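See below for model19.txt, which holds compact mmCIF, C-alpha atoms.
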```txt
# COMPACT_ATOMS: atom_id res chain seq x y z
CA MET L 62 23.86 51.85 185.88
CA TYR L 63 26.06 52.30 188.96
CA LYS L 64 29.06 50.09 189.37
CA LYS L 65 29.23 48.48 192.78
CA GLU L 66 32.58 49.08 194.46
CA LYS L 67 34.22 46.78 196.99
CA ASN L 68 34.45 49.20 199.89
CA PHE L 69 30.93 50.61 199.91
CA ASN L 70 27.37 49.89 198.81
CA LEU L 71 25.42 51.86 196.26
CA ILE L 72 21.68 51.85 195.67
CA ASN L 73 20.91 50.05 192.42
CA LEU L 74 17.19 49.68 191.80
CA ASP L 75 17.78 48.06 188.42
CA GLU L 76 19.67 45.28 190.14
CA VAL L 77 17.13 44.92 192.95
CA LEU L 78 14.20 44.64 190.55
CA LYS L 79 16.10 42.20 188.35
CA LYS L 80 16.84 39.91 191.30
CA ARG L 81 13.15 39.87 192.15
CA ASN L 82 12.14 39.22 188.53
CA LEU L 83 10.09 42.41 188.46
CA ASN L 84 9.83 43.51 184.85
CA LEU L 85 8.48 47.03 185.30
CA PRO L 86 8.05 49.65 182.58
CA LYS L 87 11.00 52.01 182.26
CA PHE L 88 8.99 55.07 183.31
CA ILE L 89 8.00 53.37 186.60
CA ILE L 90 11.63 52.40 187.30
CA ASN L 91 12.73 55.99 186.65
CA PHE L 92 9.96 57.23 188.95
CA LEU L 93 11.09 54.88 191.71
CA LYS L 94 14.69 56.04 191.30
CA LYS L 95 13.50 59.61 191.68
CA ILE L 96 11.47 59.08 194.86
CA PHE L 97 14.27 56.94 196.29
CA TYR L 98 16.74 59.75 195.52
CA GLN L 99 19.06 57.10 194.08
CA LYS L 100 21.45 59.53 192.35
CA GLU L 101 21.69 61.92 195.30
CA ILE L 102 22.29 59.17 197.85
CA ASN L 103 24.86 57.39 195.68
CA ASP L 104 26.69 60.65 194.96
CA PHE L 105 26.88 61.29 198.71
CA ILE L 106 28.16 57.78 199.43
CA ILE L 107 30.85 58.04 196.74
CA LYS L 108 31.95 61.48 197.91
CA ASN L 109 32.24 60.29 201.54
CA GLN L 110 33.38 56.72 200.95
CA ASP L 111 36.52 57.20 203.05
CA LYS L 112 34.62 58.47 206.09
CA HIS L 113 33.27 56.10 208.70
CA ASN L 114 31.28 56.03 211.92
CA PHE L 115 30.75 59.47 213.47
CA ASP L 116 32.77 61.24 210.76
CA PHE L 117 30.29 59.86 208.22
CA ILE L 118 27.37 60.89 210.44
CA ASP L 119 28.77 64.42 210.71
CA GLU L 120 28.82 64.64 206.92
CA ILE L 121 25.16 63.57 206.79
CA ILE L 122 24.21 66.24 209.33
CA LYS L 123 26.23 68.83 207.39
CA TYR L 124 24.72 67.77 204.05
CA PHE L 125 21.18 68.27 205.32
CA ASN L 126 22.15 71.40 207.27
CA LEU L 127 20.36 70.10 210.36
CA LYS L 128 20.09 72.13 213.53
CA ILE L 129 20.20 69.86 216.57
CA GLU L 130 19.01 71.03 219.98
CA VAL L 131 19.62 68.89 223.06
CA LYS L 132 18.08 69.41 226.51
CA GLY L 133 18.36 67.39 229.70
CA GLN L 134 22.05 66.53 229.49
CA GLU L 135 22.18 66.90 233.28
CA ASN L 136 20.06 63.74 233.53
CA LEU L 137 22.76 61.60 231.95
CA PRO L 138 24.29 59.11 234.42
CA LYS L 139 28.04 58.58 234.51
CA ASN L 140 30.13 55.44 234.45
CA GLU L 141 27.39 52.87 233.99
CA LYS L 142 26.00 50.68 231.23
CA LEU L 143 22.71 52.00 229.88
CA ILE L 144 19.93 51.41 227.39
CA PHE L 145 18.74 54.58 225.66
CA VAL L 146 15.18 54.37 224.29
CA ALA L 147 13.48 56.92 222.04
CA ASN L 148 10.43 57.51 219.91
CA HIS L 149 10.91 56.98 216.17
CA PRO L 150 9.40 59.99 214.34
CA LEU L 151 11.40 60.01 211.09
CA GLY L 152 12.60 56.53 210.17
CA GLY L 153 16.16 57.42 209.19
CA LEU L 154 17.70 60.70 210.27
CA ASP L 155 16.40 60.28 213.82
CA GLY L 156 18.67 57.25 214.22
CA ILE L 157 21.62 59.23 212.89
CA ILE L 158 20.95 62.15 215.24
CA PHE L 159 20.15 59.91 218.21
CA ALA L 160 23.49 58.12 217.85
CA ARG L 161 25.49 61.33 217.33
CA THR L 162 23.90 63.05 220.32
CA VAL L 163 24.59 60.19 222.72
CA SER L 164 28.12 59.77 221.31
CA LYS L 165 29.06 63.24 222.56
CA PHE L 166 28.80 61.82 226.09
CA PHE L 167 29.31 58.08 225.45
CA PRO L 168 31.37 57.47 222.28
CA ASN L 169 31.38 53.71 222.79
CA LEU L 170 27.90 52.71 221.62
CA LYS L 171 25.74 50.56 219.39
CA ILE L 172 22.36 51.53 217.96
CA ILE L 173 19.91 48.85 216.87
CA VAL L 174 18.41 49.78 213.50
CA ASN L 175 16.39 48.11 210.76
CA ASP L 176 18.19 46.34 207.95
CA LEU L 177 17.61 49.27 205.56
CA LEU L 178 19.84 51.63 207.56
CA PHE L 179 22.33 48.81 208.02
CA PHE L 180 22.84 49.05 204.24
CA PHE L 181 25.45 51.80 204.84
CA LYS L 182 28.79 50.04 205.29
CA ASN L 183 30.31 53.27 206.64
CA LEU L 184 28.14 52.94 209.75
CA GLN L 185 28.27 49.22 210.42
CA ASN L 186 30.67 49.63 213.36
CA ILE L 187 27.98 51.67 215.12
CA PHE L 188 24.80 50.06 213.80
CA LEU L 189 23.37 46.67 214.66
CA GLY L 190 20.94 45.56 211.98
CA VAL L 191 17.65 43.76 212.63
CA ASN L 192 15.11 42.47 210.13
CA LEU L 193 11.71 43.97 210.91
CA TYR L 194 9.90 42.04 208.21
CA GLY L 195 11.18 38.52 208.72
CA SER L 196 13.25 36.32 210.98
CA ASN L 197 16.67 37.41 212.15
CA SER L 198 19.67 35.20 211.50
CA LYS L 199 21.58 33.55 214.34
CA VAL L 200 24.48 35.86 213.50
CA HIS L 201 22.34 39.00 214.00
CA ILE L 202 20.88 37.69 217.25
CA SER L 203 24.34 36.73 218.52
CA LYS L 204 25.77 40.19 217.70
CA ILE L 205 22.91 41.94 219.50
CA GLU L 206 23.29 39.71 222.56
CA SER L 207 27.06 40.35 222.59
CA ALA L 208 26.42 44.10 222.50
CA PHE L 209 24.18 43.91 225.57
CA LYS L 210 26.86 41.90 227.39
CA SER L 211 29.55 44.43 226.44
CA ASP L 212 30.44 47.79 228.01
CA LYS L 213 28.92 49.67 225.08
CA GLN L 214 25.86 51.88 225.51
CA ILE L 215 22.84 50.50 223.63
CA LEU L 216 20.38 52.70 221.73
CA ILE L 217 16.98 51.37 220.67
CA PHE L 218 13.77 52.48 218.97
CA PRO L 219 11.39 50.06 220.74
CA ALA L 220 8.58 50.67 218.24
CA GLY L 221 10.74 49.31 215.44
CA LEU L 222 8.65 51.17 212.87
CA VAL L 223 8.37 54.89 212.21
CA SER L 224 5.65 56.90 213.99
CA ARG L 225 2.21 57.31 212.42
CA ARG L 226 -0.52 59.90 212.91
CA LYS L 227 -3.68 58.80 214.70
CA ASN L 228 -6.46 61.13 215.86
CA SER L 229 -4.30 64.10 214.78
CA ILE L 230 -1.44 62.99 217.08
CA ILE L 231 1.88 61.73 215.74
CA GLN L 232 2.98 58.84 217.89
CA ASP L 233 4.83 55.54 217.81
CA LEU L 234 3.06 52.26 217.29
CA LYS L 235 3.14 49.76 220.15
CA TRP L 236 6.56 49.43 221.75
CA LYS L 237 8.08 45.96 221.88
CA HIS L 238 9.06 45.02 225.43
CA THR L 239 12.38 43.37 224.53
CA PHE L 240 14.35 46.35 225.87
CA VAL L 241 12.74 45.87 229.31
CA LYS L 242 13.71 42.20 229.30
CA LYS L 243 17.29 43.06 228.28
CA ALA L 244 17.56 45.82 230.90
CA ILE L 245 16.70 43.35 233.66
CA GLN L 246 18.79 40.54 232.20
CA HIS L 247 21.92 42.66 231.77
CA LYS L 248 21.39 45.00 234.74
CA ARG L 249 21.24 48.15 232.63
CA ASN L 250 19.29 51.25 233.66
CA ILE L 251 17.16 52.89 230.98
CA VAL L 252 17.42 56.50 229.76
CA PRO L 253 14.29 57.85 227.99
CA VAL L 254 14.80 60.29 225.12
CA PHE L 255 12.16 62.25 223.22
CA ILE L 256 12.94 63.27 219.63
CA LYS L 257 10.87 66.17 218.35
CA ALA L 258 10.45 65.85 214.58
CA GLN L 259 7.89 64.70 212.04
CA ASN L 260 7.47 63.57 208.46
CA SER L 261 5.30 65.33 205.88
CA ASN L 262 1.50 65.20 205.77
CA ILE L 263 1.60 63.11 202.60
CA PHE L 264 3.44 60.33 204.48
CA TYR L 265 0.81 60.18 207.22
CA ASN L 266 -2.10 60.55 204.79
CA ILE L 267 -0.92 57.64 202.65
CA ALA L 268 -0.44 55.52 205.79
CA ARG L 269 -3.97 56.31 206.95
CA PHE L 270 -5.47 55.63 203.50
CA ARG L 271 -3.57 52.35 203.24
CA GLU L 272 -4.96 51.21 206.59
CA LYS L 273 -8.46 52.37 205.66
CA ILE L 274 -8.61 50.20 202.54
CA GLY L 275 -7.08 47.23 204.33
CA ILE L 276 -3.61 47.01 202.77
CA LYS L 277 -1.23 45.41 205.29
CA PHE L 278 2.01 46.20 203.45
CA ASN L 279 3.44 49.52 204.66
CA VAL L 280 3.28 51.29 201.29
CA GLU L 281 4.23 54.60 202.89
CA LEU L 282 7.73 53.30 203.66
CA ILE L 283 8.57 53.76 199.98
CA LEU L 284 8.42 57.50 200.70
CA LEU L 285 11.00 57.44 203.50
CA PRO L 286 13.99 58.41 201.30
CA SER L 287 12.11 61.45 200.03
CA GLU L 288 11.01 62.22 203.61
CA VAL L 289 14.68 62.31 204.59
CA PHE L 290 15.38 64.99 201.98
CA LYS L 291 12.41 67.03 203.21
CA GLN L 292 14.22 67.46 206.53
CA LYS L 293 16.85 69.73 204.96
CA ASP L 294 17.50 72.91 206.96
CA LYS L 295 15.18 71.82 209.80
CA LYS L 296 15.70 71.80 213.55
CA ILE L 297 15.42 68.50 215.39
CA SER L 298 15.23 68.59 219.18
CA LEU L 299 16.07 65.88 221.71
CA LYS L 300 15.13 65.88 225.37
CA ILE L 301 16.80 63.46 227.77
CA GLY L 302 14.84 62.26 230.79
CA LYS L 303 15.88 60.84 234.15
CA LYS L 304 17.05 57.25 234.20
CA ILE L 305 14.74 54.39 235.07
CA PHE L 306 16.29 51.77 237.37
CA TYR L 307 16.25 48.24 236.03
CA LYS L 308 15.47 46.91 239.53
CA ASP L 309 12.15 48.78 239.46
CA LEU L 310 11.18 46.92 236.29
CA GLU L 311 11.00 43.67 238.24
CA LYS L 312 8.21 45.04 240.44
CA ASN L 313 4.44 45.52 240.13
CA PHE L 314 3.91 45.19 236.38
CA SER L 315 4.59 42.87 233.46
CA GLN L 316 7.35 43.74 230.99
CA LYS L 317 4.73 44.67 228.37
CA ILE L 318 3.08 47.16 230.72
CA TRP L 319 6.47 48.59 231.69
CA ALA L 320 7.25 49.11 228.00
CA GLU L 321 4.01 51.08 227.62
CA LYS L 322 4.73 53.11 230.76
CA ILE L 323 8.23 53.99 229.56
CA LYS L 324 6.81 54.95 226.17
CA ASN L 325 4.47 57.35 227.99
CA LYS L 326 7.42 58.75 229.96
CA VAL L 327 9.19 59.50 226.67
CA TYR L 328 6.21 61.41 225.28
CA ASN L 329 5.69 63.24 228.57
CA LEU L 330 9.19 64.72 228.15
CA ASN L 331 7.71 66.81 225.34
CA LYS L 332 5.25 68.37 227.79
CA LYS L 333 7.83 69.55 230.31
```
Write-out of the structure in structure tokens:
Amino acid sequence: MYKKEKNFNLINLDEVLKKRNLNLPKFIINFLKKIFYQKEINDFIIKNQDKHNFDFIDEIIKYFNLKIEVKGQENLPKNEKLIFVANHPLGGLDGIIFARTVSKFFPNLKIIVNDLLFFFKNLQNIFLGVNLYGSNSKVHISKIESAFKSDKQILIFPAGLVSRRKNSIIQDLKWKHTFVKKAIQHKRNIVPVFIKAQNSNIFYNIARFREKIGIKFNVELILLPSEVFKQKDKKISLKIGKKIFYKDLEKNFSQKIWAEKIKNKVYNLNKK
């Protein structure tokens, strides 16, 4: 069993299961540790415990030997507060790469991520955690609101959840319109970003099967750690689109429709 240190978190499935009073057979626990890559992730955290923020992100990119291609840098505005929105194809590494790419131009940023990614203490100065499966605390909500009021650039995956495959097309689920509301409220223009990447077929097939038999719990999310490791040595491309003026979002359509239109703009970047 891993010993939890004061300055960083380690994955400890034994402890998690114990807290939830789940008395599973040993072979199932060992299987879960394997698909969660518990040893590999903990070894990485221990090795890089003294690195933080973008230094820690650089080590992640190096560890997975990722090739990152960025297009559309000329579309990036200068000297203004922005909201960057992107599709969410991977559910982990895309957040890491999204943040690192934008940081090359705007080092002062915050990216809103789910509470699983917020687990990494080394990244908590960059990440803002949200709970996708329950209510968010007043502290979380206050921190997010403070970030929008600040001079920091804000990065968001409006879908919240990782992309799924439907009718042979890999695409985000419905985008939440909160980012449109915040753009208007805080007078921030929006920059659309398309991230070209995908998970394995087994991830999408399990998601489709789960939906087909009527299971609401996203069983496929258990595979996300192993999906991260399947990205080793791959190329991930990002394309940055032209900014969308927040003043335009107050015209013609509801915020929900604007969210859908901006989602379409993001996916259209892949066609250009």
### Query
Using all atoms listed in the file, which residue out of L:Leu137, L:Leu78, L:Leu178, L:Val327 lies closest to Pro286 of chain L?
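Using all atoms listed in the file, Pro286 of chain L sits closest to L:Leu178.
Near His113 of chain L, within a cut-off of 10 Å and counting only C-alpha atoms, sit the residues Asp119, Glu120, Phe181, Lys182, Asn183, Leu184, Gln185, Asn186 and Ile187 of chain L, with same-chain residues fewer than 6 positions away left out.
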#### Entry: d(atom CA of His149 of chain L, atom CA of Asp233 of chain L) in Å
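We find that atom CA of His149 of chain L and atom CA of Asp233 of chain L lie 6.5 Å from each other.
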### Query
Can you list, as a ChimeraX atom specification, every protein, DNA or RNA residue that comes within 12 Å of Gly302 of chain L when you count all atoms listed in the file, leaving out same-chain residues fewer than 2 positions away?
/L:131-138,145-147,251-256,299-300,304-305,323-333
### Query
Which of these, L:Ala160, L:Ser229, L:Ser203, L:Arg269, has the shortest distance to Leu216 of chain L once you count all atoms listed in the file?
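Of the candidates, the smallest distance to Leu216 of chain L is held by L:Ala160.
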### Task
Find the distance between atom CA of Lys227 of chain L and atom CA of Ala258 of chain L and write it in Å to one decimal.
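If I compute the distance from atom CA of Lys227 of chain L to atom CA of Ala258 of chain L, I get 15.8 Å.
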